[in-house]
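Trainee: So here's model.txt (compact mmCIF, C-alpha atoms).
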# COMPACT_ATOMS: atom_id res chain seq x y z
CA MET A 20 0.00 0.00 0.00
CA LYS A 21 1.50 3.34 -1.09
CA ASP A 22 2.17 5.92 1.62
CA PHE A 23 0.66 3.79 4.41
CA TYR A 24 2.58 3.28 7.67
CA LEU A 25 2.20 1.38 10.92
CA TRP A 26 3.43 2.84 14.19
CA CYS A 27 3.74 1.23 17.60
CA ASP A 28 1.48 2.60 20.34
CA PHE A 29 3.77 1.65 23.21
CA ILE A 30 7.04 2.79 24.76
CA GLU A 31 9.07 1.45 27.67
CA ARG A 32 12.80 1.66 28.37
CA ASP A 33 13.75 -2.02 28.07
CA PHE A 34 11.39 -2.50 25.12
CA LEU A 35 13.18 0.27 23.20
CA GLU A 36 16.44 -1.68 23.33
CA GLU A 37 14.95 -5.04 22.39
CA GLY A 38 11.50 -5.64 20.91
CA PHE A 39 11.10 -2.19 19.42
CA GLN A 40 14.26 -2.42 17.35
CA THR A 41 13.31 -5.92 16.23
CA LEU A 42 10.02 -4.60 14.86
CA LEU A 43 11.89 -1.85 13.02
CA LYS A 44 14.43 -4.25 11.52
CA LYS A 45 11.61 -6.48 10.27
CA GLY A 46 9.96 -3.47 8.64
CA GLN A 47 6.82 -3.97 10.71
CA ILE A 48 6.64 -0.42 12.10
CA ALA A 49 7.96 3.00 11.09
CA GLY A 50 7.28 5.16 14.16
CA ALA A 51 5.77 5.25 17.63
CA THR A 52 3.29 7.07 19.85
CA SER A 53 2.90 7.52 23.59
CA ASN A 54 0.39 9.02 25.98
CA PRO A 55 0.06 9.50 29.76
CA ALA A 56 -1.65 6.12 30.20
CA ILE A 57 1.18 4.33 28.38
CA PHE A 58 3.82 6.03 30.53
CA ALA A 59 1.87 5.41 33.73
CA LYS A 60 2.05 1.70 32.96
CA ALA A 61 5.66 1.79 31.73
CA LEU A 62 6.98 3.53 34.83
CA GLU A 63 5.73 0.65 36.97
CA SER A 64 8.39 -1.62 35.44
CA LYS A 65 11.68 -2.44 37.16
CA ALA A 66 13.64 -0.55 34.49
CA TYR A 67 12.85 2.77 36.19
CA GLN A 68 12.77 2.02 39.91
CA ALA A 69 16.40 2.70 40.82
CA GLN A 70 16.40 6.01 38.98
CA ILE A 71 13.06 7.04 40.50
CA THR A 72 14.45 6.39 43.98
CA GLU A 73 17.57 8.40 43.17
CA LEU A 74 15.56 11.36 41.87
CA LYS A 75 13.22 11.30 44.86
CA ASN A 76 16.21 11.33 47.19
CA ALA A 77 17.47 14.38 45.29
CA LYS A 78 14.19 16.11 46.33
CA MET A 79 12.91 16.54 42.77
CA GLY A 80 9.20 17.23 42.40
CA ALA A 81 6.90 14.62 40.87
CA LYS A 82 6.42 16.39 37.53
CA ASP A 83 10.15 17.09 37.26
CA ILE A 84 10.86 13.40 37.86
CA TYR A 85 8.27 12.44 35.25
CA GLU A 86 9.74 14.78 32.65
CA HIS A 87 13.29 13.66 33.43
CA LEU A 88 12.39 10.01 32.85
CA VAL A 89 10.07 10.50 29.91
CA ILE A 90 12.25 12.93 27.99
CA ALA A 91 15.14 10.46 28.25
CA ASP A 92 12.96 7.70 26.76
CA ILE A 93 11.52 9.91 24.02
CA LYS A 94 15.00 11.13 23.09
CA ARG A 95 16.32 7.57 22.95
CA CYS A 96 13.38 6.46 20.82
CA ALA A 97 13.91 9.44 18.50
CA GLU A 98 17.58 8.51 18.13
CA ILE A 99 16.63 4.97 17.13
CA LEU A 100 14.05 6.26 14.65
CA LEU A 101 16.19 9.06 13.19
CA PRO A 102 17.52 7.02 10.20
CA PHE A 103 13.92 6.35 9.14
CA TRP A 104 13.06 10.06 9.41
CA GLU A 105 16.13 11.03 7.41
CA LYS A 106 15.04 8.75 4.55
CA ASN A 107 11.33 9.60 4.61
CA LYS A 108 9.95 12.58 6.52
CA ALA A 109 6.56 10.83 6.83
CA THR A 110 8.15 8.25 9.14
CA GLY A 111 10.45 7.97 12.12
CA TYR A 112 8.51 9.97 14.69
CA ILE A 113 7.86 9.42 18.38
CA SER A 114 5.21 11.55 20.06
CA LEU A 115 4.99 13.00 23.55
CA GLU A 116 1.82 14.59 24.90
CA ILE A 117 1.75 17.87 26.77
CA ASP A 118 0.35 17.91 30.30
CA PRO A 119 -3.36 17.05 29.75
CA PHE A 120 -4.36 19.50 32.50
CA LEU A 121 -3.20 22.33 30.20
CA ALA A 122 -5.63 21.37 27.44
CA ASP A 123 -7.73 24.54 27.80
CA ASN A 124 -4.84 26.94 28.42
CA VAL A 125 -3.33 28.09 25.13
CA GLY A 126 -0.42 30.06 26.54
CA ALA A 127 0.70 27.35 28.96
CA SER A 128 0.27 24.63 26.32
CA VAL A 129 2.39 26.50 23.77
CA ALA A 130 5.10 27.15 26.36
CA GLU A 131 5.19 23.53 27.51
CA ALA A 132 5.23 22.17 23.96
CA ARG A 133 8.17 24.37 23.00
CA ALA A 134 10.02 23.52 26.22
CA LEU A 135 9.55 19.76 25.78
CA PHE A 136 10.60 19.85 22.14
CA GLY A 137 13.68 21.87 23.03
CA ARG A 138 14.67 19.56 25.88
CA ILE A 139 14.29 16.45 23.72
CA GLY A 140 16.47 18.10 21.09
CA MET A 141 15.49 15.81 18.21
CA PRO A 142 13.81 16.92 14.95
CA ASN A 143 11.64 13.78 14.83
CA ALA A 144 10.07 14.27 18.26
CA MET A 145 6.37 14.98 17.77
CA ILE A 146 4.37 16.97 20.31
CA LYS A 147 0.78 15.84 20.98
CA VAL A 148 -1.94 18.39 21.70
CA PRO A 149 -5.53 17.41 22.66
CA ALA A 150 -8.03 18.59 20.03
CA THR A 151 -10.03 20.90 22.30
CA GLN A 152 -11.02 24.35 21.04
CA ALA A 153 -8.02 25.79 22.87
CA GLY A 154 -5.94 22.95 21.44
CA LEU A 155 -6.69 24.17 17.92
CA GLU A 156 -5.29 27.58 18.84
CA THR A 157 -2.27 25.93 20.43
CA MET A 158 -1.59 23.94 17.26
CA GLU A 159 -1.87 27.06 15.09
CA HIS A 160 0.68 28.89 17.25
CA LEU A 161 3.10 25.94 17.25
CA ALA A 162 2.70 25.27 13.53
CA LYS A 163 3.87 28.82 12.82
CA ASP A 164 7.21 27.90 14.43
CA LYS A 165 7.67 25.56 11.41
CA ASN A 166 10.05 23.27 13.28
CA ILE A 167 7.85 21.23 15.65
CA PRO A 168 6.07 18.11 14.30
CA LEU A 169 2.57 18.01 15.80
CA ASN A 170 -0.06 15.42 16.67
CA ALA A 171 -3.68 16.50 17.18
CA THR A 172 -5.02 13.84 19.53
CA LEU A 173 -8.45 12.70 20.73
CA VAL A 174 -10.26 13.40 17.46
CA PHE A 175 -13.69 11.78 17.05
CA ASP A 176 -15.54 14.07 14.68
CA PRO A 177 -15.04 14.71 10.92
CA LYS A 178 -15.42 18.48 11.26
CA ARG A 179 -12.92 18.65 14.10
CA ALA A 180 -10.59 16.41 12.05
CA GLY A 181 -10.67 18.89 9.19
CA ASP A 182 -10.17 21.83 11.56
CA CYS A 183 -7.13 20.10 13.06
CA ALA A 184 -5.67 19.49 9.60
CA LEU A 185 -6.03 23.19 8.83
CA ALA A 186 -4.37 24.12 12.13
CA LEU A 187 -1.43 21.81 11.36
CA LYS A 188 -0.96 22.92 7.76
CA LYS A 189 2.20 24.98 8.41
CA ALA A 190 3.88 22.37 10.62
CA PRO A 191 6.80 20.38 9.14
CA MET A 192 4.74 17.24 9.78
CA GLY A 193 1.34 16.81 11.35
CA VAL A 194 -0.96 13.92 12.16
CA VAL A 195 -4.63 14.00 13.13
CA SER A 196 -5.21 11.14 15.58
CA ILE A 197 -8.66 9.72 14.84
CA PHE A 198 -9.89 7.48 17.65
CA VAL A 199 -11.77 4.46 16.33
CA SER A 200 -12.82 1.72 18.76
CA ARG A 201 -14.36 4.08 21.33
CA LEU A 202 -17.00 4.99 18.74
CA ASP A 203 -17.92 1.34 18.42
CA THR A 204 -18.19 1.03 22.19
CA LEU A 205 -20.73 3.88 22.18
CA ALA A 206 -22.64 2.65 19.11
CA ASN A 207 -22.71 -0.97 20.32
CA ARG A 208 -24.18 0.17 23.62
CA LEU A 209 -26.98 1.98 21.78
CA LEU A 210 -27.60 -1.07 19.62
CA GLN A 211 -27.88 -3.30 22.66
CA ASP A 212 -30.22 -0.80 24.34
CA LYS A 213 -32.55 -1.35 21.37
CA ASN A 214 -32.39 -5.10 21.75
CA ASN A 215 -36.16 -5.50 21.86
CA ARG A 216 -36.71 -3.86 18.46
CA LEU A 217 -33.75 -5.21 16.52
CA SER A 218 -33.36 -8.74 15.28
CA GLN A 219 -30.17 -10.57 16.18
CA SER A 220 -29.13 -10.56 12.53
CA THR A 221 -29.53 -6.77 12.30
CA GLN A 222 -27.52 -6.29 15.48
CA ALA A 223 -24.79 -8.58 14.17
CA THR A 224 -24.65 -6.59 10.93
CA LEU A 225 -24.30 -3.22 12.64
CA LEU A 226 -22.07 -4.07 15.60
CA ASN A 227 -18.50 -2.73 15.35
CA GLN A 228 -19.22 -0.82 12.14
CA PHE A 229 -19.69 2.76 13.21
CA GLY A 230 -16.10 3.29 14.34
CA ILE A 231 -14.78 2.40 10.89
CA ALA A 232 -17.42 4.45 9.07
CA ASN A 233 -16.70 7.47 11.25
CA ALA A 234 -12.94 7.04 10.82
CA LEU A 235 -13.39 7.05 7.06
CA GLU A 236 -15.38 10.29 7.27
CA CYS A 237 -12.60 11.83 9.36
CA TYR A 238 -9.99 10.54 6.90
CA HIS A 239 -11.71 12.26 3.99
CA SER A 240 -12.05 15.47 6.00
CA VAL A 241 -8.30 15.54 6.59
CA GLN A 242 -7.55 14.68 2.97
CA GLY A 243 -9.94 17.38 1.82
CA VAL A 244 -7.71 20.07 3.35
CA GLY A 245 -5.07 19.23 0.74
CA ALA A 246 -2.08 19.37 3.08
CA SER A 247 0.48 16.79 1.93
CA ARG A 248 2.40 16.98 5.22
CA VAL A 249 -0.68 16.25 7.34
CA TYR A 250 -1.65 12.59 7.72
CA PRO A 251 -4.77 10.98 9.16
CA LEU A 252 -3.56 8.70 11.96
CA PHE A 253 -5.92 5.99 13.20
CA ALA A 254 -5.57 5.46 16.94
CA SER A 255 -7.49 3.54 19.59
CA VAL A 256 -7.44 0.50 17.32
CA GLY A 257 -7.19 -2.14 20.03
CA THR A 258 -10.35 -4.22 19.88
CA LYS A 259 -12.76 -3.87 22.80
CA ASP A 260 -15.05 -6.67 21.54
CA PRO A 261 -13.38 -10.06 22.26
CA SER A 262 -15.17 -11.62 19.28
CA LEU A 263 -13.15 -9.48 16.85
CA PRO A 264 -9.72 -10.38 15.47
CA LYS A 265 -6.97 -8.31 17.08
CA ASP A 266 -6.10 -6.64 13.76
CA TYR A 267 -9.73 -5.86 12.85
CA TYR A 268 -9.29 -2.08 12.62
CA LEU A 269 -5.83 -2.28 11.05
CA GLN A 270 -7.21 -4.34 8.17
CA ALA A 271 -10.27 -2.12 7.72
CA LEU A 272 -8.34 1.16 7.66
CA LYS A 273 -5.37 0.37 5.43
CA LEU A 274 -5.54 3.49 3.26
CA GLU A 275 -3.17 5.55 1.13
CA HIS A 276 -1.60 8.57 2.81
CA SER A 277 -2.45 7.36 6.31
CA ILE A 278 -0.88 5.99 9.47
CA THR A 279 -2.21 3.55 12.04
CA THR A 280 -0.69 3.36 15.51
CA ALA A 281 -1.45 0.07 17.21
CA PRO A 282 -0.80 -1.86 20.43
CA LEU A 283 1.66 -4.72 20.29
CA GLU A 284 -0.93 -7.51 20.17
CA ALA A 285 -2.67 -5.89 17.18
CA LEU A 286 0.65 -5.49 15.35
CA LYS A 287 1.53 -9.12 16.06
CA ALA A 288 -1.81 -10.34 14.69
CA TYR A 289 -1.56 -8.11 11.61
CA HIS A 290 1.86 -9.46 10.67
CA GLU A 291 1.63 -13.08 11.85
CA THR A 292 -2.03 -14.13 11.66
CA PRO A 293 -3.75 -11.53 9.49
CA SER A 294 -7.53 -11.55 9.31
CA ALA A 295 -9.62 -10.78 6.23
CA PRO A 296 -10.49 -7.07 5.87
CA THR A 297 -14.05 -6.27 6.86
CA THR A 298 -16.52 -4.82 4.37
CA SER A 299 -17.90 -1.59 5.75
CA ILE A 300 -21.61 -0.91 5.36
CA LYS A 301 -22.54 2.03 3.17
CA HIS A 302 -24.79 4.71 4.66
CA ILE A 303 -24.47 3.20 8.14
CA LYS A 304 -25.05 6.60 9.76
CA GLU A 305 -28.43 6.93 8.05
CA THR A 306 -29.24 3.28 8.77
CA MET A 307 -28.62 3.74 12.47
CA GLN A 308 -30.65 6.96 12.58
CA ASP A 309 -33.54 5.19 10.84
CA LEU A 310 -33.45 2.62 13.62
CA GLY A 311 -33.50 5.32 16.28
CA LEU A 312 -29.82 4.83 17.07
CA ASP A 313 -28.81 8.45 16.66
CA LEU A 314 -25.40 9.31 18.06
CA GLU A 315 -26.12 12.95 17.22
CA LYS A 316 -28.52 13.23 20.18
CA THR A 317 -26.19 12.33 23.03
CA ARG A 318 -25.19 15.93 23.72
CA PRO A 319 -26.64 19.43 23.31
CA ASN A 320 -25.75 21.16 20.06
CA SER A 321 -22.22 22.54 20.17
CA GLY A 322 -21.51 23.21 16.51
CA TYR A 323 -19.84 19.80 16.20
CA ASN A 324 -21.21 16.31 15.89
CA PRO A 325 -22.58 15.95 19.44
CA GLY A 326 -22.37 12.19 20.01
CA ARG A 327 -18.92 11.77 18.59
CA HIS A 328 -17.49 15.06 19.81
CA SER A 329 -18.65 14.34 23.37
CA LEU A 330 -16.12 11.51 23.56
CA LEU A 331 -13.26 14.03 23.64
CA LEU A 332 -13.95 15.06 27.24
CA PRO A 333 -13.99 11.54 28.77
CA GLY A 334 -10.94 10.72 26.64
CA LEU A 335 -9.14 13.74 28.04
CA LYS A 336 -10.33 12.85 31.56
CA ALA A 337 -8.82 9.37 31.16
CA PHE A 338 -5.45 10.93 30.29
CA GLU A 339 -5.76 13.35 33.21
CA ASP A 340 -6.49 10.45 35.57
CA ALA A 341 -3.53 8.48 34.26
CA PHE A 342 -1.29 11.54 34.60
CA SER A 343 -2.49 12.17 38.17
CA LYS A 344 -1.89 8.53 39.10
CA LEU A 345 1.56 8.69 37.57
CA LEU A 346 2.51 11.86 39.47
CA LYS A 347 1.16 10.45 42.73
CA ALA A 348 3.39 7.41 42.32
CA LEU A 349 6.38 9.71 41.84
CA THR A 350 5.66 11.82 44.92
Starting from the file, lay out its structure as structure tokens.
Mentor:
Amino acid sequence: MKDFYLWCDFIERDFLEEGFQTLLKKGQIAGATSNPAIFAKALESKAYQAQITELKNAKMGAKDIYEHLVIADIKRCAEILLPFWEKNKATGYISLEIDPFLADNVGASVAEARALFGRIGMPNAMIKVPATQAGLETMEHLAKDKNIPLNATLVFDPKRAGDCALALKKAPMGVVSIFVSRLDTLANRLLQDKNNRLSQSTQATLLNQFGIANALECYHSVQGVGASRVYPLFASVGTKDPSLPKDYYLQALKLEHSITTAPLEALKAYHETPSAPTTSIKHIKETMQDLGLDLEKTRPNSGYNPGRHSLLLPGLKAFEDAFSKLLKALT
């Protein structure tokens, strides 16, 4: 597939020196992503404990300890990926998210993004910004610097996807992270709530379809901006439904000029035991509305798709919770 890339949605110190480089050598990935939840889990491993103790004894604050550890890992990952970036500027990135508690503060977000990028000191470090309204302004400011690769994260809505692509247009490289499986979790719940009116065959046909259909809408919104250095990036592609193959979303969203970042088990399935790509249902949005399964009505009108856009806030809250847990552990 032309101009299609897989990234790894995981980072951990020991993994960077072993499994990560193996995946790169096999040509199975071409970049990586991280988020507060990933680092919260990673920092529980033995690889960090001695250094955490040392930094605590030096009376460093929790956020300073976090940044010290994380920046070292991001820098190391960027060093490993640099040869890929040098050959193809659409690949070889590792992303780091700004403090999620700054999501609605443009000035503080811009300052933190610039500081993190400067401390990492690598041209292929990508700074992630949540796609809130303030986040759009943050991206526009950072894109004007023309040296910081940017990742607009927590995107659920086609209009917001297009707005993010516009905000990233001047960046040296930008990705719009379109979250997929969380839409299916919401849609599946609505389908099951209508269990008494829908036949089992109709339910089976519609389950786990809306996430893909919505992702395709978002993809076309990003492409419609016409920015060659901005890529749709499909995220949240780990399957929540145990009946699905682990690479379900990877197979369904293998598109030109796109990136998918995936957890390790999904990457393993994709490369070792690939499943058949699913056939998406045309006009599924209208079909679901006809059945009374309208995701547009789950939130008051905000100028964006209400049902889908409302997932941004709980998504951001999940990152805030992970970040708080992480900082508490470092206190």
Trainee: Which of these, A:Ser128, A:Asn207, A:Thr298, A:Gln47, has the shortest distance to Leu286 of chain A once you count only C-alpha atoms?
Mentor: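 The shortest atom-to-atom distance to Leu286 of chain A comes from A:Gln47.
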Trainee: For Leu346 of chain A, which residue out of A:Leu62, A:Val199, A:Cys96, A:Leu226 is the nearest one, using only C-alpha atoms?
Mentor: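 Nearest to Leu346 of chain A: A:Leu62.
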Trainee: Around (9.8, -4.1, 22.0) in the file's frame, which residues reach within 12 Å when counting all atoms listed in the file? Return as a VMD selection string?
Mentor: chain A and resid 27 to 44 47 to 48 51 96 282 to 284 286 to 287
Trainee: Give me a file of those residues, with C-alpha atoms, as a CSV table (one decimal), in the coordinates of the input.
Mentor:
chain,number,residue,atom,x,y,z
A,27,CYS,CA,3.7,1.2,17.6
A,28,ASP,CA,1.5,2.6,20.3
A,29,PHE,CA,3.8,1.6,23.2
A,30,ILE,CA,7.0,2.8,24.8
A,31,GLU,CA,9.1,1.4,27.7
A,32,ARG,CA,12.8,1.7,28.4
A,33,ASP,CA,13.8,-2.0,28.1
A,34,PHE,CA,11.4,-2.5,25.1
A,35,LEU,CA,13.2,0.3,23.2
A,36,GLU,CA,16.4,-1.7,23.3
A,37,GLU,CA,15.0,-5.0,22.4
A,38,GLY,CA,11.5,-5.6,20.9
A,39,PHE,CA,11.1,-2.2,19.4
A,40,GLN,CA,14.3,-2.4,17.4
A,41,THR,CA,13.3,-5.9,16.2
A,42,LEU,CA,10.0,-4.6,14.9
A,43,LEU,CA,11.9,-1.8,13.0
A,44,LYS,CA,14.4,-4.2,11.5
A,47,GLN,CA,6.8,-4.0,10.7
A,48,ILE,CA,6.6,-0.4,12.1
A,51,ALA,CA,5.8,5.2,17.6
A,96,CYS,CA,13.4,6.5,20.8
A,282,PRO,CA,-0.8,-1.9,20.4
A,283,LEU,CA,1.7,-4.7,20.3
A,284,GLU,CA,-0.9,-7.5,20.2
A,286,LEU,CA,0.6,-5.5,15.4
A,287,LYS,CA,1.5,-9.1,16.1
Trainee: Quick one: of A:Pro251, A:Gly245, A:Ala153, A:Ala49, who's nearest to Lys106 of chain A, counting only C-alpha atoms?
Mentor: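 Ranked by minimum distance to Lys106 of chain A, first place goes to A:Ala49.
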Trainee: Restricting the calculation to all atoms listed in the file, which member of A:Asn227, A:Ala171, A:Pro191, A:Glu86 is positioned closest to Arg208 of chain A?
Mentor: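 Looking at the shortest contact to Arg208 of chain A, the residue is A:Asn227.
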Trainee: Looking at all atoms listed in the file, which of A:Ala150, A:Leu335, A:Leu173, A:Val195 is the one that sits closest to Cys237 of chain A?
Mentor: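 Ranked by minimum distance to Cys237 of chain A, first place goes to A:Val195.
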Trainee: Determine, counting all atoms listed in the file, which protein, DNA and RNA residues have an atom within 9 Å of an atom of Pro142 of chain A; residues of the same chain fewer than 4 positions away are not included. Present the result as a list of chain:residue names.
Mentor: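 Residues near the query, excluding close chain neighbours: A:Ala97, A:Leu101, A:Trp104, A:Tyr112, A:Phe136, A:Asn166, A:Ile167, A:Pro168.
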Trainee: If you keep C-alpha atoms, can you produce a file of those selected residues as a PDB file, keeping the file's coordinate frame?
Mentor:
ATOM      1  CA  ALA A  97      13.910   9.440  18.500  1.00  0.00           C
ATOM      2  CA  LEU A 101      16.190   9.060  13.190  1.00  0.00           C
ATOM      3  CA  TRP A 104      13.060  10.060   9.410  1.00  0.00           C
ATOM      4  CA  TYR A 112       8.510   9.970  14.690  1.00  0.00           C
ATOM      5  CA  PHE A 136      10.600  19.850  22.140  1.00  0.00           C
ATOM      6  CA  ASN A 166      10.050  23.270  13.280  1.00  0.00           C
ATOM      7  CA  ILE A 167       7.850  21.230  15.650  1.00  0.00           C
ATOM      8  CA  PRO A 168       6.070  18.110  14.300  1.00  0.00           C
TER       9      PRO A 168
END
Trainee: Could you tell me how far atom CA of Val249 of chain A sits from atom CA of Asp164 of chain A, in Å to one decimal place?
Mentor: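 Computed distance, atom CA of Asp164 of chain A to atom CA of Val249 of chain A, equals 15.8 Å.
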Trainee: How many Å separate atom CA of Thr292 of chain A from atom CA of Lys259 of chain A?
Mentor: 18.6 Å
Trainee: Report, in Å to a single decimal, how far apart atom CA of Glu236 of chain A and atom CA of Gly181 of chain A are.
Mentor: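 Going from atom CA of Gly181 of chain A over to atom CA of Glu236 of chain A covers 10.0 Å.
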